[in-house]
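Presented below is the structure to which this report refers.
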Amino acid sequence: MKLSVLVNEGPYQHQSADSAIQFTKAALAKGHEVFRVFFYHDGVNNGTSYAVPPQDDRNITQEWTSLAKEHDLDLVVCIAAAQRRGILDENESKRQGKDGFNIAEGFRISGLGQLIEAGIQSDRLVIFGD
Amino acid sequence: MPMLHTVNKSPFERRTLDTALRHAVKGAAILLIEDGVYAAFDGTVVADKVKAALSDHKIYVLGPDVSARGMSEHHVIDGINVVDYGGFVDLVTEYDKVQSWL
């Protein structure tokens, strides 16, 4: 079955960021197609490469990056939510005159249309958040 | 199959379980995850309400989230099914739609 996941919460709020990645891993393990994972609201904080959690702490961003590599996942970060929270890709960084960019490997920044499309194209959309 | 409703907040913190139960039609399923698993334990002030809901709904609870809170399947109300993440995925595919009460 074709599934999409919406993540509305960052890695350091409650548990939803963890639930989302565990669910996605389980869906892939069962042979389902994950059409897209969309990060919205504080969920965009899952996609910053500038976060440096302690070595003995789980690193959700890195987990998403390797999962995306392994399964060719489409990890999309909402652009408006990302800009508010200081998450930029190279183009946006230049456009806004910033010094650097921090979108993590395997993630891309795009618009809400990508969420709507995921809802239309997928058999199920599962939402994780606060 | 009707809808799967997921509840991720404790019934002692928010009203989402009540809202889910009010909206769920007969035959719809409830899956308790994250702090929502507290609704699955026997002996609490909401246990009677949850037991009553079992006559209209299948109720599931996410096992890893139960153990993450130092509880075990022995604390879970009889009739509530404990599932793992794979079981969560199966429920999502078995039911027609998923409503996440946040």
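Scheme for the structure tokens: letters A, B, ... for chains in order shown; per-chain residue numbers from 1; ligand numbers from 1 in order shown.
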Legend entry - Exercise answer, chain A residues close to chain B, 8 Å and only C-alpha atoms, as number ranges by chain: A: 1, 15-16, 19, 22-23, 26-27, 30, 124-130
Legend entry - strand (DSSP E or B) residues, from DSSP on the backbone, in chain A, as a ChimeraX atom specification: /A:2-7,33-39,48,75-78,103,107-110,124-128
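Relative to atom CA of Thr16 of chain B, atom CA of Ala118 of chain A is found at 25.7 Å.
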Inset, instruction - Work out how far atom CA of Leu73 of chain A is from atom CA of Glu117 of chain A, in Å to one decimal. - result: 15.3 Å
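Between atom CA of Val34 of chain A and atom CA of Glu63 of chain A the separation is 15.6 Å.
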Inset, instruction - List the neighbours of segment 111-116 of chain A out to 7 Å using only C-alpha atoms; skip same-chain residues closer than 5 positions along the sequence, and give me the result as a VMD selection string. - result: chain A and resid 38 78 to 79
